[in-house]
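J.: My structure is below; once you've seen it, I'll send some questions.
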Amino acid sequence: IIDSSFLRDGRIHIKVRASNRRFVILQGDDIGNNTWIQDGYTMANIQWLFLPTVPEAVDANTPQGSAEERLQKVVDLATALEPLVETWKKLIENGGWQQYSGQLRNCLEDIGPMPGATNCQESVDRALWVGALINPLPGLGVASEVRPSLLLQVGEGDVHQALENITTEIQRSIEYLKPNEFFHWIHYYFYKVLVHGIGSGAPPPAPSLKHVVKAMVQIILITAVVSSLIWHVMHQLSSNFLHKEL
């Protein structure tokens with residue numbers, strides 16, 4: 001329990017942090033209602049989710065080999081998430097993507113530290129943790145919603161697919177965020193250095209040619225749209241003026 005407060009009607013509002021017990025909400029009735037309100041509380045039928053201890057060979061897409069080899073591949077995938085998470089967090093902080101100041105910090109406080117990756121359970125826990133990071137509440141709008149598919153895959157014991165899924169999604173999110181690196185680089189060298197001098201903190205990494213071209217295309221498209229709107233407004237004003245003169 002993180003916090004609690006009494007409401008006027010006698011109920012208690014409790015803020016909790018999930019620990020090791022996760023659940024999925026079971027499918028509801030025929031019209032899609034899977035939750036209901038009872039005495040002012042939101043109710044639902046749930047199924048507890050137990051993290052797999054061994055990566056099972058679920059289907060033909062699962063890497064074959066001994067249990068030890070499958071476990072090592074799972075641990076390797078989970079370990080590779082750590083540098084991706086660090087890159088993602090830096091892009092969020094430096095690119096101005098937060099909806100309000102301190103949003104990322106608050107999210108990290110809510111979900112706690114990143115789990116380890118020494119065994120199957122920890123690896124799955126890390127995959128779910130990364131899913132919660134890139135899909136925070138309120139959302140950042142920089143990644144596809146991946147939590148339901150992760151929970152489904154973990155519930156079915158498809159550990160390898162769950163880790164590949166979250167790896168793909170955070171990589172896509174990083175690619176989406178990277179164009180802002182170009183503008184961050186421009187901001188540093190053409191504002192901070194010129195105005196405040198060379199000692200304006202560590203310079204950001206130089207953006208790749210791919211992201212520079214992508215950013216330039218975005219600038220050209222935005223310029224074209226704005227110019228078109230200005231031309232349309234000016235043309236309309238000119239037409240109205242000539243109409244009045246006639």
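Going through the structure tokens in order, the chains are called A, B, and so on, while each chain numbers its residues from 1 and the ligands are numbered from 1 in the order shown.
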Can you list, as a list of chain:residue names, every protein, DNA or RNA residue that comes within 10 Å of Arg11 (chain A) when you count only C-alpha atoms, leaving out same-chain residues fewer than 5 positions away?

T.: A:Ser5, A:Phe6, A:Asp39, A:Gly40, A:Tyr41

J.: Would you mind writing down, as a ChimeraX atom specification, each residue of region 22-241 of chain A that DSSP on the backbone assigns to alpha helix (DSSP H)?

T.: /A:67-79,81-94,103-111,120-134,147-155,159-177,179-187,193-196,209-241

J.: I'd like the neighbourhood of Pro55 (chain A) as a tab-separated table (two decimals) with N, CA, C and O atoms, in the first residue's frame, where a residue qualifies if any of its atoms comes within 10 Å (using only C-alpha atoms), though same-chain residues fewer than 4 positions away should be ignored.

T.:
```
chain	number	residue	atom	x	y	z
A	62	THR	N	9.23	-21.47	-31.54
A	62	THR	CA	10.07	-21.42	-30.35
A	62	THR	C	11.42	-22.06	-30.65
A	62	THR	O	11.47	-23.12	-31.28
A	63	PRO	N	12.53	-21.43	-30.25
A	63	PRO	CA	13.85	-22.03	-30.49
A	63	PRO	C	13.93	-23.44	-29.93
A	63	PRO	O	13.49	-23.70	-28.80
A	67	ALA	N	16.42	-27.65	-22.59
A	67	ALA	CA	15.82	-26.65	-21.71
A	67	ALA	C	16.84	-25.59	-21.34
A	67	ALA	O	16.52	-24.40	-21.23
A	68	GLU	N	18.11	-26.02	-21.15
A	68	GLU	CA	19.17	-25.07	-20.80
A	68	GLU	C	19.43	-24.08	-21.93
A	68	GLU	O	19.63	-22.88	-21.71
A	69	GLU	N	19.40	-24.58	-23.17
A	69	GLU	CA	19.62	-23.70	-24.33
A	69	GLU	C	18.47	-22.71	-24.50
A	69	GLU	O	18.70	-21.53	-24.79
A	70	ARG	N	17.24	-23.19	-24.32
A	70	ARG	CA	16.08	-22.29	-24.42
A	70	ARG	C	16.12	-21.24	-23.33
A	70	ARG	O	15.81	-20.07	-23.56
A	71	LEU	N	16.52	-21.65	-22.12
A	71	LEU	CA	16.61	-20.70	-21.01
A	71	LEU	C	17.66	-19.64	-21.31
A	71	LEU	O	17.45	-18.45	-21.05
A	72	GLN	N	18.81	-20.05	-21.87
A	72	GLN	CA	19.86	-19.09	-22.16
A	72	GLN	C	19.41	-18.08	-23.20
A	72	GLN	O	19.72	-16.88	-23.10
A	73	LYS	N	18.65	-18.51	-24.19
A	73	LYS	CA	18.15	-17.59	-25.21
A	73	LYS	C	17.16	-16.60	-24.61
A	73	LYS	O	17.14	-15.42	-24.98
A	74	VAL	N	16.35	-17.07	-23.67
A	74	VAL	CA	15.40	-16.19	-22.98
A	74	VAL	C	16.15	-15.16	-22.14
A	74	VAL	O	15.84	-13.96	-22.17
A	119	ASN	N	17.08	-15.66	-14.57
A	119	ASN	CA	16.34	-16.90	-14.78
A	119	ASN	C	15.07	-16.60	-15.59
A	119	ASN	O	14.85	-15.46	-16.00
A	120	CYS	N	14.27	-17.61	-15.81
A	120	CYS	CA	13.09	-17.45	-16.65
A	120	CYS	C	12.07	-16.50	-16.05
A	120	CYS	O	11.55	-15.62	-16.73
A	121	GLN	N	11.78	-16.66	-14.76
A	121	GLN	CA	10.78	-15.80	-14.11
A	121	GLN	C	11.20	-14.33	-14.13
A	121	GLN	O	10.39	-13.46	-14.43
A	124	VAL	N	10.81	-12.91	-17.68
A	124	VAL	CA	9.41	-12.60	-18.00
A	124	VAL	C	8.97	-11.35	-17.26
A	124	VAL	O	8.29	-10.47	-17.80
A	157	GLY	N	2.40	-19.32	-21.73
A	157	GLY	CA	3.71	-19.91	-21.54
A	157	GLY	C	4.69	-19.65	-22.66
A	157	GLY	O	5.77	-20.24	-22.70
A	158	ASP	N	4.32	-18.74	-23.59
A	158	ASP	CA	5.19	-18.45	-24.73
A	158	ASP	C	6.18	-17.35	-24.34
A	158	ASP	O	6.07	-16.20	-24.78
A	159	VAL	N	7.15	-17.70	-23.54
A	159	VAL	CA	8.09	-16.74	-22.98
A	159	VAL	C	8.94	-16.10	-24.06
A	159	VAL	O	9.14	-14.88	-24.09
A	160	HIS	N	9.46	-16.91	-24.96
A	160	HIS	CA	10.34	-16.41	-26.02
A	160	HIS	C	9.62	-15.39	-26.89
A	160	HIS	O	10.17	-14.33	-27.21
```

J.: Could you tell me which of A:Leu177, A:Arg105, A:Gln171, A:Val225 comes closest to Gly141 (chain A) if we count only C-alpha atoms?

T.: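 Closest residue, counting only C-alpha atoms: A:Leu177.
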
J.: Distance CA of Gly96 (chain A)-CA of Leu209 (chain A), one decimal place?

T.: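 Rounded to one decimal, the two atoms are 21.6 Å apart.
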
J.: Work out how far CA of Thr87 (chain A) is from CA of His211 (chain A), in Å to one decimal.

T.: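 Separation of CA of His211 (chain A) and CA of Thr87 (chain A): 15.6 Å.
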
J.: What's the 12 Å shell around Ala80 (chain A), counting only C-alpha atoms, without same-chain residues fewer than 5 positions away, as a PyMOL selection string?

T.: chain A and resi 73-75+85-87+116-117+123+126-127+130+163-164+166-168+170-171

J.: Emit the selected residues as a short mmCIF file (atom, residue, chain, number, x, y, z; two decimals), in the first residue's frame, including N, CA and C atoms.

T.:
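Written file, selection_2.cif:
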```
data_model
loop_
_atom_site.label_atom_id
_atom_site.label_comp_id
_atom_site.auth_asym_id
_atom_site.auth_seq_id
_atom_site.Cartn_x
_atom_site.Cartn_y
_atom_site.Cartn_z
N LYS A 73 18.65 -18.51 -24.19
CA LYS A 73 18.15 -17.59 -25.21
C LYS A 73 17.16 -16.60 -24.61
N VAL A 74 16.35 -17.07 -23.67
CA VAL A 74 15.40 -16.19 -22.98
C VAL A 74 16.15 -15.16 -22.14
N VAL A 75 17.15 -15.61 -21.39
CA VAL A 75 17.94 -14.70 -20.56
C VAL A 75 18.68 -13.69 -21.42
N VAL A 85 16.27 0.07 -22.91
CA VAL A 85 15.52 0.88 -21.95
C VAL A 85 16.25 2.18 -21.65
N GLU A 86 17.57 2.11 -21.46
CA GLU A 86 18.34 3.32 -21.18
C GLU A 86 18.27 4.30 -22.34
N THR A 87 18.37 3.79 -23.57
CA THR A 87 18.26 4.65 -24.76
C THR A 87 16.89 5.28 -24.83
N GLY A 116 15.60 -8.26 -12.58
CA GLY A 116 16.82 -8.86 -13.10
C GLY A 116 16.54 -9.73 -14.31
N ALA A 117 17.55 -10.47 -14.74
CA ALA A 117 17.39 -11.35 -15.90
C ALA A 117 18.30 -12.57 -15.74
N SER A 123 13.20 -12.93 -16.24
CA SER A 123 13.19 -12.47 -17.62
C SER A 123 11.78 -12.08 -18.06
N ARG A 126 10.83 -8.91 -16.38
CA ARG A 126 11.45 -7.76 -17.03
C ARG A 126 10.66 -7.37 -18.29
N ALA A 127 10.21 -8.36 -19.05
CA ALA A 127 9.41 -8.07 -20.26
C ALA A 127 8.14 -7.32 -19.90
N VAL A 130 9.01 -3.69 -18.85
CA VAL A 130 9.26 -2.81 -19.99
C VAL A 130 7.95 -2.43 -20.67
N LEU A 163 9.15 -12.01 -25.09
CA LEU A 163 10.37 -11.20 -25.06
C LEU A 163 10.69 -10.62 -26.44
N GLU A 164 10.46 -11.40 -27.49
CA GLU A 164 10.67 -10.86 -28.84
C GLU A 164 9.67 -9.74 -29.12
N ILE A 166 8.19 -7.60 -26.93
CA ILE A 166 8.52 -6.35 -26.24
C ILE A 166 9.80 -5.75 -26.80
N THR A 167 10.75 -6.59 -27.25
CA THR A 167 11.96 -6.07 -27.87
C THR A 167 11.63 -5.31 -29.15
N THR A 168 10.76 -5.89 -29.97
CA THR A 168 10.35 -5.24 -31.21
C THR A 168 9.65 -3.92 -30.94
N ILE A 170 9.80 -1.86 -28.25
CA ILE A 170 10.64 -0.77 -27.72
C ILE A 170 11.59 -0.29 -28.81
N GLN A 171 12.03 -1.16 -29.70
CA GLN A 171 12.87 -0.73 -30.82
C GLN A 171 12.08 0.18 -31.76
#
```

J.: Taking only C-alpha atoms into account, which of A:Pro148, A:Pro136, A:Pro52, A:Gly10 comes nearest Gln99 (chain A)?

T.: A:Pro136

J.: Near Asn33 (chain A), within 12 Å and counting only C-alpha atoms, which residues show up once chain neighbours fewer than 5 positions away are dropped, as a list in words?

T.: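 Using only C-alpha atoms, the neighbours found are Ile25, Leu26, Gln27, Gly28, Thr42, Met43, Ala44 and Asn45 of chain A.
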
J.: Since we have the selection now, will you write its residues out, keeping N, CA and C atoms, as an mmCIF file, in the first residue's frame?

T.:
```cif
data_model
loop_
_atom_site.group_PDB
_atom_site.id
_atom_site.type_symbol
_atom_site.label_atom_id
_atom_site.label_comp_id
_atom_site.auth_asym_id
_atom_site.auth_seq_id
_atom_site.Cartn_x
_atom_site.Cartn_y
_atom_site.Cartn_z
ATOM 1 N N ILE A 25 -8.100 -9.781 -16.759
ATOM 2 C CA ILE A 25 -9.552 -9.709 -16.578
ATOM 3 C C ILE A 25 -10.208 -10.668 -17.552
ATOM 4 N N LEU A 26 -11.051 -11.547 -17.037
ATOM 5 C CA LEU A 26 -11.718 -12.537 -17.881
ATOM 6 C C LEU A 26 -12.762 -11.876 -18.762
ATOM 7 N N GLN A 27 -13.023 -12.509 -19.899
ATOM 8 C CA GLN A 27 -14.001 -11.977 -20.835
ATOM 9 C C GLN A 27 -15.365 -11.883 -20.165
ATOM 10 N N GLY A 28 -16.081 -10.802 -20.485
ATOM 11 C CA GLY A 28 -17.354 -10.540 -19.829
ATOM 12 C C GLY A 28 -18.539 -11.209 -20.504
ATOM 13 N N THR A 42 -15.289 -0.674 -8.765
ATOM 14 C CA THR A 42 -15.234 -1.393 -10.032
ATOM 15 C C THR A 42 -14.880 -2.848 -9.760
ATOM 16 N N MET A 43 -15.719 -3.760 -10.236
ATOM 17 C CA MET A 43 -15.533 -5.182 -10.000
ATOM 18 C C MET A 43 -15.228 -5.896 -11.306
ATOM 19 N N ALA A 44 -14.550 -7.039 -11.217
ATOM 20 C CA ALA A 44 -14.251 -7.837 -12.401
ATOM 21 C C ALA A 44 -13.903 -9.252 -11.972
ATOM 22 N N ASN A 45 -14.127 -10.205 -12.871
ATOM 23 C CA ASN A 45 -13.653 -11.570 -12.665
ATOM 24 C C ASN A 45 -12.265 -11.672 -13.261
#
```

J.: List the neighbours of Pro138 (chain A) out to 12 Å using only C-alpha atoms; skip same-chain residues closer than 2 positions along the sequence, and give me the result as a PDB file with C-alpha atoms, in the first residue's frame.

T.:
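Result file is out_25.pdb:
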```pdb
ATOM      1  CA  GLN A  98       6.656  13.957 -21.454  1.00  0.00           C
ATOM      2  CA  GLN A  99       3.087  15.186 -21.071  1.00  0.00           C
ATOM      3  CA  TYR A 100       4.087  16.981 -17.870  1.00  0.00           C
ATOM      4  CA  GLN A 103       6.095  12.048 -15.867  1.00  0.00           C
ATOM      5  CA  LEU A 104       8.856   9.520 -16.528  1.00  0.00           C
ATOM      6  CA  ASN A 106       6.668   9.222 -11.588  1.00  0.00           C
ATOM      7  CA  CYS A 107       6.230   6.205 -13.838  1.00  0.00           C
ATOM      8  CA  ALA A 132       4.513  -0.989 -18.341  1.00  0.00           C
ATOM      9  CA  LEU A 133       7.325   1.521 -18.919  1.00  0.00           C
ATOM     10  CA  ILE A 134       6.605   2.274 -22.573  1.00  0.00           C
ATOM     11  CA  ASN A 135       2.822   2.206 -22.003  1.00  0.00           C
ATOM     12  CA  PRO A 136       2.488   4.323 -18.836  1.00  0.00           C
ATOM     13  CA  LEU A 140       3.029   9.143 -23.693  1.00  0.00           C
ATOM     14  CA  GLY A 141       1.739   8.258 -27.150  1.00  0.00           C
ATOM     15  CA  VAL A 142       5.144   7.000 -28.337  1.00  0.00           C
TER      16      VAL A 142
END
```
